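Shown below: query23.pdb, with PDB, C-alpha atoms.
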ATOM      1  CA  MET A  15      18.718  -9.154  13.109
ATOM      2  CA  LYS A  16      16.750  -9.802   9.911
ATOM      3  CA  VAL A  17      13.753  -7.502  10.111
ATOM      4  CA  THR A  18      12.926  -3.961  11.154
ATOM      5  CA  VAL A  19       9.229  -3.404  11.836
ATOM      6  CA  ILE A  20       8.513   0.230  10.948
ATOM      7  CA  ILE A  21       5.360   1.803  12.390
ATOM      8  CA  PRO A  22       4.467   5.314  11.179
ATOM      9  CA  ASN A  23       2.318   7.144  13.703
ATOM     10  CA  TYR A  24       0.365  10.380  13.677
ATOM     11  CA  ASN A  25      -1.860  11.045  16.697
ATOM     12  CA  GLY A  26      -2.466   7.321  17.090
ATOM     13  CA  LYS A  27      -1.718   6.882  20.774
ATOM     14  CA  HIS A  28      -4.992   4.993  21.277
ATOM     15  CA  PHE A  29      -3.901   2.400  18.693
ATOM     16  CA  MET A  30      -0.371   1.805  19.911
ATOM     17  CA  GLU A  31      -0.974  -0.543  22.857
ATOM     18  CA  PRO A  32      -2.798  -3.348  20.961
ATOM     19  CA  CYS A  33      -0.382  -2.952  18.038
ATOM     20  CA  MET A  34       2.737  -3.253  20.210
ATOM     21  CA  GLU A  35       1.362  -6.013  22.452
ATOM     22  CA  ALA A  36       0.611  -8.191  19.430
ATOM     23  CA  LEU A  37       4.182  -7.753  18.179
ATOM     24  CA  ALA A  38       5.495  -8.800  21.577
ATOM     25  CA  ASN A  39       3.648 -12.104  21.241
ATOM     26  CA  GLN A  40       5.198 -13.270  17.942
ATOM     27  CA  THR A  41       6.597 -16.761  17.315
ATOM     28  CA  TYR A  42       9.419 -15.114  15.329
ATOM     29  CA  THR A  43      11.544 -12.769  17.420
ATOM     30  CA  ASP A  44      14.499 -11.783  15.211
ATOM     31  CA  PHE A  45      13.190  -8.266  14.615
ATOM     32  CA  GLU A  46      13.396  -4.783  16.050
ATOM     33  CA  ILE A  47      10.654  -2.154  16.220
ATOM     34  CA  LEU A  48      11.119   1.380  14.928
ATOM     35  CA  VAL A  49       8.315   3.917  15.455
ATOM     36  CA  ILE A  50       8.343   7.061  13.328
ATOM     37  CA  ASP A  51       6.205   9.696  15.014
ATOM     38  CA  ASN A  52       4.952  12.343  12.587
ATOM     39  CA  ALA A  53       4.905  15.277  15.034
ATOM     40  CA  SER A  54       1.907  13.950  16.960
ATOM     41  CA  SER A  55       0.137  16.261  19.396
ATOM     42  CA  ASP A  56      -1.653  13.567  21.426
ATOM     43  CA  GLY A  57       1.275  12.435  23.559
ATOM     44  CA  SER A  58       2.098   9.443  21.367
ATOM     45  CA  ALA A  59       5.852   9.944  21.554
ATOM     46  CA  GLU A  60       5.878  10.249  25.339
ATOM     47  CA  PHE A  61       3.651   7.167  25.669
ATOM     48  CA  ILE A  62       5.911   5.033  23.472
ATOM     49  CA  ARG A  63       9.087   6.320  25.139
ATOM     50  CA  GLU A  64       7.780   5.449  28.617
ATOM     51  CA  ARG A  65       5.806   2.264  27.895
ATOM     52  CA  TYR A  66       7.848   0.547  25.153
ATOM     53  CA  ARG A  67      11.505   1.223  25.828
ATOM     54  CA  GLU A  68      12.553  -1.751  23.673
ATOM     55  CA  ALA A  69      11.337   0.110  20.578
ATOM     56  CA  ARG A  70      13.383   2.736  18.782
ATOM     57  CA  LEU A  71      11.561   6.034  18.423
ATOM     58  CA  LEU A  72      12.265   8.801  15.924
ATOM     59  CA  VAL A  73      10.185  11.968  16.350
ATOM     60  CA  MET A  74       9.739  14.206  13.312
ATOM     61  CA  GLU A  75       9.518  17.985  13.552
ATOM     62  CA  LYS A  76       6.550  18.038  11.158
ATOM     63  CA  ASN A  77       4.093  15.613   9.608
ATOM     64  CA  LEU A  78       5.922  13.998   6.679
ATOM     65  CA  GLY A  79       2.940  11.905   5.642
ATOM     66  CA  PHE A  80       3.089   8.147   5.215
ATOM     67  CA  SER A  81       5.678   8.228   2.439
ATOM     68  CA  GLY A  82       8.086  10.541   4.230
ATOM     69  CA  ALA A  83       7.787   8.716   7.549
ATOM     70  CA  VAL A  84       8.442   5.231   6.178
ATOM     71  CA  ASN A  85      11.366   6.530   4.105
ATOM     72  CA  VAL A  86      12.959   7.841   7.296
ATOM     73  CA  GLY A  87      12.460   4.417   8.827
ATOM     74  CA  ILE A  88      13.813   2.473   5.857
ATOM     75  CA  ARG A  89      16.942   4.636   5.694
ATOM     76  CA  ALA A  90      17.453   4.278   9.444
ATOM     77  CA  SER A  91      17.332   0.471   9.156
ATOM     78  CA  ASP A  92      20.184  -1.891   8.385
ATOM     79  CA  THR A  93      18.308  -5.209   8.244
ATOM     80  CA  PRO A  94      17.755  -7.175   5.004
ATOM     81  CA  TYR A  95      14.001  -6.704   5.308
ATOM     82  CA  VAL A  96      11.712  -3.917   6.476
ATOM     83  CA  LEU A  97       8.161  -4.643   7.531
ATOM     84  CA  LEU A  98       5.803  -1.666   7.327
ATOM     85  CA  LEU A  99       2.879  -1.792   9.729
ATOM     86  CA  ASN A 100       0.047   0.664  10.280
ATOM     87  CA  ASN A 101      -0.572   1.649  13.878
ATOM     88  CA  ASP A 102      -4.258   0.610  13.639
ATOM     89  CA  THR A 103      -3.377  -3.076  13.243
ATOM     90  CA  ARG A 104      -3.111  -6.110  15.484
ATOM     91  CA  VAL A 105      -0.987  -8.899  14.015
ATOM     92  CA  ARG A 106      -1.677 -12.534  14.815
ATOM     93  CA  ARG A 107       0.915 -14.767  16.429
ATOM     94  CA  HIS A 108       2.641 -16.210  13.327
ATOM     95  CA  PHE A 109       2.516 -13.004  11.278
ATOM     96  CA  VAL A 110       6.187 -12.001  11.149
ATOM     97  CA  GLU A 111       7.342 -15.612  10.766
ATOM     98  CA  ALA A 112       5.077 -16.157   7.756
ATOM     99  CA  MET A 113       6.151 -12.909   6.102
ATOM    100  CA  VAL A 114       9.860 -13.713   6.428
ATOM    101  CA  LYS A 115       9.441 -17.259   5.127
ATOM    102  CA  THR A 116       7.575 -15.996   2.075
ATOM    103  CA  ILE A 117       9.962 -13.223   1.056
ATOM    104  CA  GLU A 118      12.890 -15.627   1.434
ATOM    105  CA  ARG A 119      11.486 -17.904  -1.275
ATOM    106  CA  SER A 120      13.285 -15.929  -4.012
ATOM    107  CA  GLU A 121      15.598 -12.944  -4.379
ATOM    108  CA  LYS A 122      13.251 -11.633  -7.100
ATOM    109  CA  ILE A 123      10.481 -11.058  -4.557
ATOM    110  CA  PHE A 124      10.395  -7.376  -3.655
ATOM    111  CA  SER A 125       7.385  -7.358  -1.337
ATOM    112  CA  VAL A 126       4.884  -9.613   0.393
ATOM    113  CA  SER A 127       1.366  -8.511   1.233
ATOM    114  CA  SER A 128      -0.478 -10.009   4.204
ATOM    115  CA  LYS A 129      -4.053 -11.175   4.707
ATOM    116  CA  MET A 130      -5.716  -8.190   6.330
ATOM    117  CA  ILE A 131      -8.934  -8.859   8.225
ATOM    118  CA  GLN A 132     -11.462  -6.207   9.258
ATOM    119  CA  MET A 133     -10.871  -5.733  12.973
ATOM    120  CA  TYR A 134     -14.485  -4.934  13.819
ATOM    121  CA  HIS A 135     -15.909  -7.458  11.338
ATOM    122  CA  PRO A 136     -13.403 -10.336  11.582
ATOM    123  CA  ASP A 137     -15.460 -12.623   9.349
ATOM    124  CA  TYR A 138     -14.520 -10.443   6.373
ATOM    125  CA  ILE A 139     -11.340  -9.549   4.517
ATOM    126  CA  ASP A 140     -10.032  -6.006   4.339
ATOM    127  CA  ASP A 141      -7.185  -6.616   1.864
ATOM    128  CA  ALA A 142      -5.542  -9.641   0.258
ATOM    129  CA  GLY A 143      -3.003  -7.748  -1.833
ATOM    130  CA  ASP A 144      -3.606  -4.710  -4.037
ATOM    131  CA  GLN A 145      -4.493  -4.812  -7.725
ATOM    132  CA  TYR A 146      -4.503  -2.179 -10.451
ATOM    133  CA  CYS A 147      -6.624  -2.189 -13.599
ATOM    134  CA  LEU A 148      -6.911  -0.631 -17.044
ATOM    135  CA  ILE A 149      -9.204   2.239 -16.055
ATOM    136  CA  GLY A 150      -6.728   3.433 -13.429
ATOM    137  CA  TRP A 151      -8.442   2.017 -10.375
ATOM    138  CA  GLY A 152      -6.464   0.438  -7.587
ATOM    139  CA  PHE A 153      -8.499  -1.945  -5.463
ATOM    140  CA  GLN A 154      -8.175  -4.105  -2.391
ATOM    141  CA  ARG A 155      -8.308  -7.712  -3.501
ATOM    142  CA  GLY A 156     -10.784  -9.714  -1.434
ATOM    143  CA  ILE A 157     -12.398  -6.797   0.387
ATOM    144  CA  SER A 158     -15.795  -7.716   1.893
ATOM    145  CA  HIS A 159     -15.336 -11.387   1.001
ATOM    146  CA  PRO A 160     -15.425 -14.071   3.720
ATOM    147  CA  ALA A 161     -12.210 -14.356   5.733
ATOM    148  CA  THR A 162     -12.190 -18.103   5.077
ATOM    149  CA  GLN A 163     -11.397 -17.412   1.398
ATOM    150  CA  TYR A 164      -8.156 -16.279  -0.314
ATOM    151  CA  THR A 165      -6.075 -19.090   1.148
ATOM    152  CA  ARG A 166      -3.557 -19.515  -1.696
ATOM    153  CA  PHE A 167      -0.193 -17.826  -2.210
ATOM    154  CA  CYS A 168      -0.217 -15.808  -5.428
ATOM    155  CA  GLN A 169       1.263 -12.830  -7.228
ATOM    156  CA  VAL A 170      -0.454  -9.472  -6.815
ATOM    157  CA  PHE A 171       0.127  -6.143  -8.517
ATOM    158  CA  SER A 172       1.394  -4.509  -5.331
ATOM    159  CA  ALA A 173       1.548  -5.098  -1.593
ATOM    160  CA  CYS A 174      -0.636  -3.015   0.699
ATOM    161  CA  ALA A 175       1.927  -1.095   2.763
ATOM    162  CA  GLY A 176      -0.380  -1.135   5.787
ATOM    163  CA  ALA A 177       1.095  -4.561   6.604
ATOM    164  CA  ALA A 178       3.809  -5.653   4.172
ATOM    165  CA  ILE A 179       7.431  -6.759   4.140
ATOM    166  CA  TYR A 180       9.987  -5.418   1.632
ATOM    167  CA  ARG A 181      13.491  -6.369   0.509
ATOM    168  CA  ARG A 182      15.407  -3.299   1.638
ATOM    169  CA  GLU A 183      18.245  -3.360  -0.919
ATOM    170  CA  VAL A 184      15.774  -3.032  -3.818
ATOM    171  CA  PHE A 185      14.848   0.487  -2.716
ATOM    172  CA  GLU A 186      18.358   1.567  -3.713
ATOM    173  CA  GLU A 187      17.646   0.283  -7.230
ATOM    174  CA  ILE A 188      14.094   1.488  -7.870
ATOM    175  CA  GLY A 189      13.884   4.416  -5.453
ATOM    176  CA  TYR A 190      12.065   4.900  -2.163
ATOM    177  CA  PHE A 191       8.416   5.764  -1.544
ATOM    178  CA  ASP A 192       7.560   8.924  -3.486
ATOM    179  CA  GLU A 193       7.163  11.736  -0.969
ATOM    180  CA  MET A 194       5.151  13.826  -3.457
ATOM    181  CA  TYR A 195       2.280  11.438  -2.762
ATOM    182  CA  PHE A 196       2.294  12.209   1.000
ATOM    183  CA  ALA A 197      -0.318   9.451   1.447
ATOM    184  CA  TYR A 198      -2.485   7.130  -0.694
ATOM    185  CA  LEU A 199      -1.343   5.079  -3.708
ATOM    186  CA  GLU A 200       2.316   5.391  -2.722
ATOM    187  CA  ASP A 201       2.413   1.636  -2.142
ATOM    188  CA  MET A 202       0.897   0.976  -5.574
ATOM    189  CA  ASP A 203       3.563   3.217  -7.081
ATOM    190  CA  ILE A 204       6.480   1.418  -5.409
ATOM    191  CA  GLY A 205       5.029  -1.960  -6.384
ATOM    192  CA  TYR A 206       4.575  -0.760  -9.971
ATOM    193  CA  ARG A 207       8.200   0.370 -10.154
ATOM    194  CA  ALA A 208       9.387  -2.953  -8.768
ATOM    195  CA  ARG A 209       7.453  -4.820 -11.438
ATOM    196  CA  ILE A 210       8.928  -2.663 -14.199
ATOM    197  CA  ALA A 211      12.365  -3.652 -12.889
ATOM    198  CA  GLY A 212      11.419  -7.343 -13.015
ATOM    199  CA  TYR A 213      10.615  -8.021  -9.350
ATOM    200  CA  ARG A 214       7.514  -9.748  -7.985
ATOM    201  CA  ASN A 215       4.996  -8.827  -5.302
ATOM    202  CA  LEU A 216       3.342 -11.753  -3.527
ATOM    203  CA  TYR A 217       0.363 -12.368  -1.262
ATOM    204  CA  CYS A 218       0.828 -14.523   1.845
ATOM    205  CA  PRO A 219      -2.442 -15.967   3.225
ATOM    206  CA  THR A 220      -0.817 -17.280   6.413
ATOM    207  CA  ALA A 221       0.331 -13.839   7.605
ATOM    208  CA  VAL A 222      -2.878 -12.558   9.177
ATOM    209  CA  VAL A 223      -3.430  -9.100  10.640
ATOM    210  CA  GLU A 224      -6.530  -7.347  11.940
ATOM    211  CA  HIS A 225      -6.943  -3.809  10.603
ATOM    212  CA  VAL A 226      -9.209  -0.959  11.703
ATOM    213  CA  GLY A 227      -8.854   0.972   8.438
ATOM    214  CA  SER A 228      -8.630   4.757   7.919
ATOM    215  CA  GLY A 229      -7.248   5.028  11.433
ATOM    216  CA  THR A 230      -5.334   8.229  10.695
ATOM    217  CA  SER A 231      -7.628   9.969   8.199
ATOM    218  CA  GLY A 232     -10.675   9.095  10.314
ATOM    219  CA  SER A 233     -13.134   7.923   7.622
ATOM    220  CA  LYS A 234     -13.354   5.979   4.390
ATOM    221  CA  TYR A 235     -14.228   9.094   2.382
ATOM    222  CA  ASN A 236     -13.256  12.635   3.344
ATOM    223  CA  ALA A 237     -12.179  15.747   1.453
ATOM    224  CA  PHE A 238      -8.478  15.320   2.243
ATOM    225  CA  LYS A 239      -8.368  11.680   1.176
ATOM    226  CA  VAL A 240     -10.413  12.179  -2.012
ATOM    227  CA  ARG A 241      -8.262  15.090  -3.211
ATOM    228  CA  LEU A 242      -4.942  13.342  -2.549
ATOM    229  CA  ALA A 243      -6.053  10.044  -4.076
ATOM    230  CA  ALA A 244      -7.253  11.823  -7.234
ATOM    231  CA  ARG A 245      -4.012  13.767  -7.541
ATOM    232  CA  ASN A 246      -1.874  10.718  -6.891
ATOM    233  CA  SER A 247      -3.721   8.690  -9.516
ATOM    234  CA  VAL A 248      -2.376  11.138 -12.098
ATOM    235  CA  TYR A 249       1.145  10.800 -10.709
ATOM    236  CA  LEU A 250       0.920   6.996 -10.713
ATOM    237  CA  ASN A 251       0.211   6.707 -14.420
ATOM    238  CA  TYR A 252       2.433   9.568 -15.552
ATOM    239  CA  LYS A 253       5.449   8.192 -13.665
ATOM    240  CA  ASN A 254       5.196   4.548 -14.581
ATOM    241  CA  MET A 255       3.775   4.406 -18.097
ATOM    242  CA  PRO A 256       5.989   5.169 -21.105
ATOM    243  CA  ALA A 257       4.471   7.590 -23.629
ATOM    244  CA  ALA A 258       3.277   4.808 -25.944
ATOM    245  CA  GLN A 259       1.513   3.027 -23.091
ATOM    246  CA  MET A 260      -0.107   6.268 -21.938
ATOM    247  CA  VAL A 261      -1.495   6.808 -25.453
ATOM    248  CA  LEU A 262      -2.709   3.201 -25.586
ATOM    249  CA  ASN A 263      -4.506   3.535 -22.245
ATOM    250  CA  ALA A 264      -5.677   7.149 -22.528
ATOM    251  CA  LEU A 265      -9.354   6.409 -23.209
ATOM    252  CA  PRO A 266      -9.759   3.756 -20.478
ATOM    253  CA  LEU A 267      -8.024   6.023 -17.954
ATOM    254  CA  ALA A 268     -10.218   8.991 -18.888
ATOM    255  CA  PHE A 269     -13.302   6.775 -18.561
ATOM    256  CA  GLY A 270     -12.139   5.618 -15.140
ATOM    257  CA  TRP A 271     -11.658   9.174 -13.915
ATOM    258  CA  PHE A 272     -15.128  10.098 -15.242
ATOM    259  CA  LEU A 273     -16.758   7.214 -13.343
ATOM    260  CA  LYS A 274     -14.880   8.141 -10.160
ATOM    261  CA  TYR A 275     -16.005  11.753 -10.524
ATOM    262  CA  ARG A 276     -19.640  10.689 -10.827
ATOM    263  CA  PHE A 277     -19.221   8.456  -7.783
ATOM    264  CA  PHE A 278     -17.802  11.257  -5.616
ATOM    265  CA  VAL A 279     -20.343  13.824  -6.831
ATOM    266  CA  LYS A 280     -23.062  11.613  -5.343
ATOM    267  CA  ARG A 281     -21.160  11.587  -2.032
ATOM    268  CA  GLY A 282     -20.572  15.317  -1.942
ATOM    269  CA  PHE A 283     -16.855  15.254  -2.876
ATOM    270  CA  GLY A 284     -17.016  16.134  -6.574
ATOM    271  CA  ASP A 285     -15.192  19.446  -6.112
ATOM    272  CA  GLU A 286     -12.383  17.785  -4.154
ATOM    273  CA  PHE A 287     -11.956  15.085  -6.797
ATOM    274  CA  ARG A 288     -11.758  17.677  -9.611
ATOM    275  CA  ALA A 289      -9.291  19.761  -7.580
ATOM    276  CA  GLY A 290      -7.081  16.720  -7.052
ATOM    277  CA  LEU A 291      -7.044  15.852 -10.754
ATOM    278  CA  ARG A 292      -6.217  19.460 -11.669
ATOM    279  CA  GLU A 293      -3.377  19.543  -9.170
ATOM    280  CA  GLY A 294      -2.044  16.227 -10.446
ATOM    281  CA  ILE A 295      -2.075  17.335 -14.071
ATOM    282  CA  LYS A 296      -0.501  20.683 -13.197
ATOM    283  CA  THR A 297       2.304  19.273 -11.042
ATOM    284  CA  ARG A 298       2.893  15.860 -12.691
ATOM    285  CA  LYS A 299       6.197  16.890 -14.262
ATOM    286  CA  LYS A 300       7.683  17.399 -10.802
ATOM    287  CA  CYS A 301       7.497  13.613 -10.379
ATOM    288  CA  LYS A 302      10.545  11.523 -11.157
ATOM    289  CA  LYS A 303       9.388   9.511 -14.163
ATOM    290  CA  VAL A 304      10.633   5.938 -14.471
ATOM    291  CA  PRO A 305      13.104   5.948 -17.401
ATOM    292  CA  TYR A 306      12.182   3.531 -20.177
ATOM    293  CA  ARG A 307      14.753   0.766 -20.736
ATOM    294  CA  ARG A 308      14.563  -1.636 -23.666
ATOM    295  CA  GLN A 309      15.418  -4.596 -21.427
ATOM    296  CA  ASP A 310      12.207  -3.928 -19.477
ATOM    297  CA  PHE A 311       9.947  -4.200 -22.554
ATOM    298  CA  TRP A 312       8.478  -7.594 -21.665
ATOM    299  CA  ASN A 313       7.872  -6.424 -18.100
ATOM    300  CA  TYR A 314       5.700  -3.622 -19.515
ATOM    301  CA  VAL A 315       3.871  -6.160 -21.683
ATOM    302  CA  ARG A 316       3.155  -8.342 -18.631
ATOM    303  CA  ILE A 317       1.967  -5.305 -16.688
ATOM    304  CA  GLU A 318      -0.371  -4.265 -19.523
ATOM    305  CA  TRP A 319      -1.830  -7.764 -19.638
ATOM    306  CA  ASP A 320      -2.393  -7.642 -15.882
ATOM    307  CA  LEU A 321      -4.156  -4.285 -16.218
ATOM    308  CA  VAL A 322      -6.590  -5.903 -18.639
ATOM    309  CA  LYS A 323      -7.063  -9.071 -16.566
ATOM    310  CA  ASN A 324      -7.641  -7.054 -13.424
ATOM    311  CA  MET A 325     -10.637  -5.339 -15.041
ATOM    312  CA  PHE A 326     -12.392  -8.708 -15.050
ATOM    313  CA  LEU A 327     -11.096  -9.512 -11.565
ATOM    314  CA  TYR A 328     -12.512  -6.261 -10.201
ATOM    315  CA  ALA A 329     -15.905  -6.932 -11.803
ATOM    316  CA  TRP A 330     -15.990 -10.462 -10.376
ATOM    317  CA  GLU A 331     -14.914  -9.416  -6.906
ATOM    318  CA  TYR A 332     -17.342  -6.502  -6.766
ATOM    319  CA  THR A 333     -20.331  -8.659  -7.746
ATOM    320  CA  HIS A 334     -19.385 -11.436  -5.310
ATOM    321  CA  ARG A 335     -18.944  -9.372  -2.157
ATOM    322  CA  THR A 336     -21.012 -10.823   0.658
ATOM    323  CA  GLN A 337     -20.534  -8.380   3.537
ATOM    324  CA  PRO A 338     -23.787  -6.534   4.311
ATOM    325  CA  LYS A 339     -23.546  -2.827   3.530
TER     326      LYS A 339
END

Write the structure described by the file as structure tokens, please.
Amino acid sequence: MKVTVIIPNYNGKHFMEPCMEALANQTYTDFEILVIDNASSDGSAEFIRERYREARLLVMEKNLGFSGAVNVGIRASDTPYVLLLNNDTRVRRHFVEAMVKTIERSEKIFSVSSKMIQMYHPDYIDDAGDQYCLIGWGFQRGISHPATQYTRFCQVFSACAGAAIYRREVFEEIGYFDEMYFAYLEDMDIGYRARIAGYRNLYCPTAVVEHVGSGTSGSKYNAFKVRLAARNSVYLNYKNMPAAQMVLNALPLAFGWFLKYRFFVKRGFGDEFRAGLREGIKTRKKCKKVPYRRQDFWNYVRIEWDLVKNMFLYAWEYTHRTQPK
């Protein structure tokens, strides 16, 4: 067995049937399914246990969040690769096959991100790999662009963990998903750490998956999501940037937080965004900071250059979105 497909679930019973049926129809079959149920109250565990006996099921006593749930799954796996998959997805027939072929191209590939299509607007992309830029904004590459675009394999800053495959042994080197995050930006953090260590994160255009989006949180913007994302943005930079890089990027990061604050004030979530930033600043030292190693210097230089380049990429992508709002 080469792959363990790990599906974290919290009150997502209504998503599980299309998700599981799509996995049963794959061209590549050398994988097992492991569902981590985060103490659901909607009968998810009973439904999976009765309907999908071929899947392993681990039921948590409390909601561990995305990070905690997938860590349980990764540690319970013994396959070379783990494929994380949101419950609100429906993978297309060649999905797993394409992901395995791509990650096997090189031992220096840590993760592979798929081509995520909007399930209810299948003419448009939801995510074609995640990028991170100088002002501290993570963004979904390709979002709201035509699904016929983004057809080339390429390197991205990080894989979107909603539908991504990872080389399991690397977690022992760089650490697992940070459970302080609970949810949001934890995949950017793990991708960032992999890049510091010299690994690559790729995008695979032939691994296609349909994605509902915000299936667990319930909406694109809500108080819970805004607060956690703001807090975790502080953790992300504090953990992964050495002191000199933090000083170098301090003004752009502050400007980025200011713009985000203005954005959320207009949507009625200004207080939640401020509360998240305060919490992040107050508790940042509880995070396990990535130790600086001299041999990683040029990896930091490459990352800094990507942060700058991705500013221009974000501007281009934002101005070229074609999906009607």

Within 7 Å of segment 88-110 of chain A: each segment 200-272 of chain A residue with its shortest pair, only C-alpha atoms, as JSON lines:
{"residue": "A:Ala221", "atom": "CA", "partner": "A:Phe109", "partner_atom": "CA", "distance": 4.4}
{"residue": "A:Val222", "atom": "CA", "partner": "A:Arg106", "partner_atom": "CA", "distance": 5.8}
{"residue": "A:Val223", "atom": "CA", "partner": "A:Val105", "partner_atom": "CA", "distance": 4.2}
{"residue": "A:Glu224", "atom": "CA", "partner": "A:Arg104", "partner_atom": "CA", "distance": 5.1}
{"residue": "A:His225", "atom": "CA", "partner": "A:Thr103", "partner_atom": "CA", "distance": 4.5}
{"residue": "A:Val226", "atom": "CA", "partner": "A:Asp102", "partner_atom": "CA", "distance": 5.5}
{"residue": "A:Gly227", "atom": "CA", "partner": "A:Asp102", "partner_atom": "CA", "distance": 7.0}
{"residue": "A:Gly229", "atom": "CA", "partner": "A:Asp102", "partner_atom": "CA", "distance": 5.8}

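With all atoms listed in the file as the atoms that count, the residue of A:Tyr314, A:Phe124, A:Tyr332, A:Tyr235 with the shortest distance to Arg214 of chain A is A:Phe124.
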
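The nearest approach to Thr116 of chain A among the residues A:Arg70, A:Lys253, A:Arg181, A:Lys274, with all atoms listed in the file taken into account, belongs to A:Arg181.
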
Please evaluate the PyMOL selection byres ((chain A and resi 334) around 12) against the structure above and give the resulting residues as a ChimeraX atom specification.
/A:155-160,327-333,335-338

Got time to write the residues from that selection, C-alpha atoms, as a PDB file, keeping the file's coordinate frame?
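Contents of the output file again.pdb:
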ATOM      1  CA  ARG A 155      -8.308  -7.712  -3.501  1.00  0.00           C
ATOM      2  CA  GLY A 156     -10.784  -9.714  -1.434  1.00  0.00           C
ATOM      3  CA  ILE A 157     -12.398  -6.797   0.387  1.00  0.00           C
ATOM      4  CA  SER A 158     -15.795  -7.716   1.893  1.00  0.00           C
ATOM      5  CA  HIS A 159     -15.336 -11.387   1.001  1.00  0.00           C
ATOM      6  CA  PRO A 160     -15.425 -14.071   3.720  1.00  0.00           C
ATOM      7  CA  LEU A 327     -11.096  -9.512 -11.565  1.00  0.00           C
ATOM      8  CA  TYR A 328     -12.512  -6.261 -10.201  1.00  0.00           C
ATOM      9  CA  ALA A 329     -15.905  -6.932 -11.803  1.00  0.00           C
ATOM     10  CA  TRP A 330     -15.990 -10.462 -10.376  1.00  0.00           C
ATOM     11  CA  GLU A 331     -14.914  -9.416  -6.906  1.00  0.00           C
ATOM     12  CA  TYR A 332     -17.342  -6.502  -6.766  1.00  0.00           C
ATOM     13  CA  THR A 333     -20.331  -8.659  -7.746  1.00  0.00           C
ATOM     14  CA  ARG A 335     -18.944  -9.372  -2.157  1.00  0.00           C
ATOM     15  CA  THR A 336     -21.012 -10.823   0.658  1.00  0.00           C
ATOM     16  CA  GLN A 337     -20.534  -8.380   3.537  1.00  0.00           C
ATOM     17  CA  PRO A 338     -23.787  -6.534   4.311  1.00  0.00           C
TER      18      PRO A 338
END

Do you know which residues are at most 10 Å from segment 296-306 of chain A counting all atoms listed in the file, after dropping those on the same chain fewer than 2 positions away, and could you put them as a PyMOL selection string?
chain A and resi 188-189+192-195+207+210-211+245-246+248-257+290-294+308-311+314

From the list A:Ile47, A:Ile62, A:Leu37, A:Leu262, which residue is nearest Thr18 of chain A when using only C-alpha atoms?
A:Ile47

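The interatomic distance for the pair atom CA of Tyr190 of chain A and atom CA of Gly150 of chain A works out to 22.0 Å.
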
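Nearest-residue note for Asp201 of chain A: choosing from A:Thr162, A:Ser125, A:Gln132, A:Ser54, the minimum distance belongs to A:Ser125, counting all atoms listed in the file.
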
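Note that atom CA of Gly176 of chain A and atom CA of Phe196 of chain A are 14.4 Å apart.
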
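Between atom CA of Gly87 of chain A and atom CA of Asp141 of chain A lies a distance of 23.6 Å.
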
Report, as AutoDock Vina command-line options, the centre and edge lengths in Å (one decimal) of the axis-aligned box enclosing every listed atom of segment 222-226 of chain A, padded by 5 Å on each side.
--center_x -6.0 --center_y -6.8 --center_z 10.6 --size_x 16.3 --size_y 21.6 --size_z 12.8

I'd like to know which of A:Phe283, A:Trp151, A:Trp312, A:Tyr164 is closest to Asn324 of chain A, using all atoms listed in the file.
A:Trp151

Could you pull segment 238-248 of chain A out of the structure I just pasted and write it to a file containing N, CA and C atoms, as a compact mmCIF listing (two decimals), in the first residue's frame?
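Produced file selection.txt, reproduced below:
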# COMPACT_ATOMS: atom_id res chain seq x y z
N PHE A 238 -15.62 33.37 13.61
CA PHE A 238 -14.65 32.34 14.00
C PHE A 238 -13.48 32.28 13.03
N LYS A 239 -13.79 32.26 11.75
CA LYS A 239 -12.76 32.13 10.72
C LYS A 239 -11.86 33.37 10.68
N VAL A 240 -12.46 34.55 10.75
CA VAL A 240 -11.68 35.80 10.69
C VAL A 240 -10.73 35.89 11.87
N ARG A 241 -11.20 35.57 13.07
CA ARG A 241 -10.33 35.67 14.26
C ARG A 241 -9.17 34.69 14.17
N LEU A 242 -9.46 33.43 13.82
CA LEU A 242 -8.38 32.43 13.75
C LEU A 242 -7.39 32.74 12.64
N ALA A 243 -7.87 33.17 11.49
CA ALA A 243 -6.95 33.48 10.39
C ALA A 243 -6.05 34.66 10.75
N ALA A 244 -6.58 35.65 11.43
CA ALA A 244 -5.77 36.80 11.85
C ALA A 244 -4.71 36.37 12.86
N ARG A 245 -5.13 35.59 13.84
CA ARG A 245 -4.17 35.09 14.84
C ARG A 245 -3.09 34.24 14.19
N ASN A 246 -3.50 33.35 13.31
CA ASN A 246 -2.55 32.42 12.70
C ASN A 246 -1.59 33.12 11.74
N SER A 247 -1.99 34.26 11.20
CA SER A 247 -1.08 35.01 10.34
C SER A 247 0.10 35.54 11.14
N VAL A 248 -0.13 35.85 12.41
CA VAL A 248 0.98 36.26 13.29
C VAL A 248 1.90 35.07 13.55
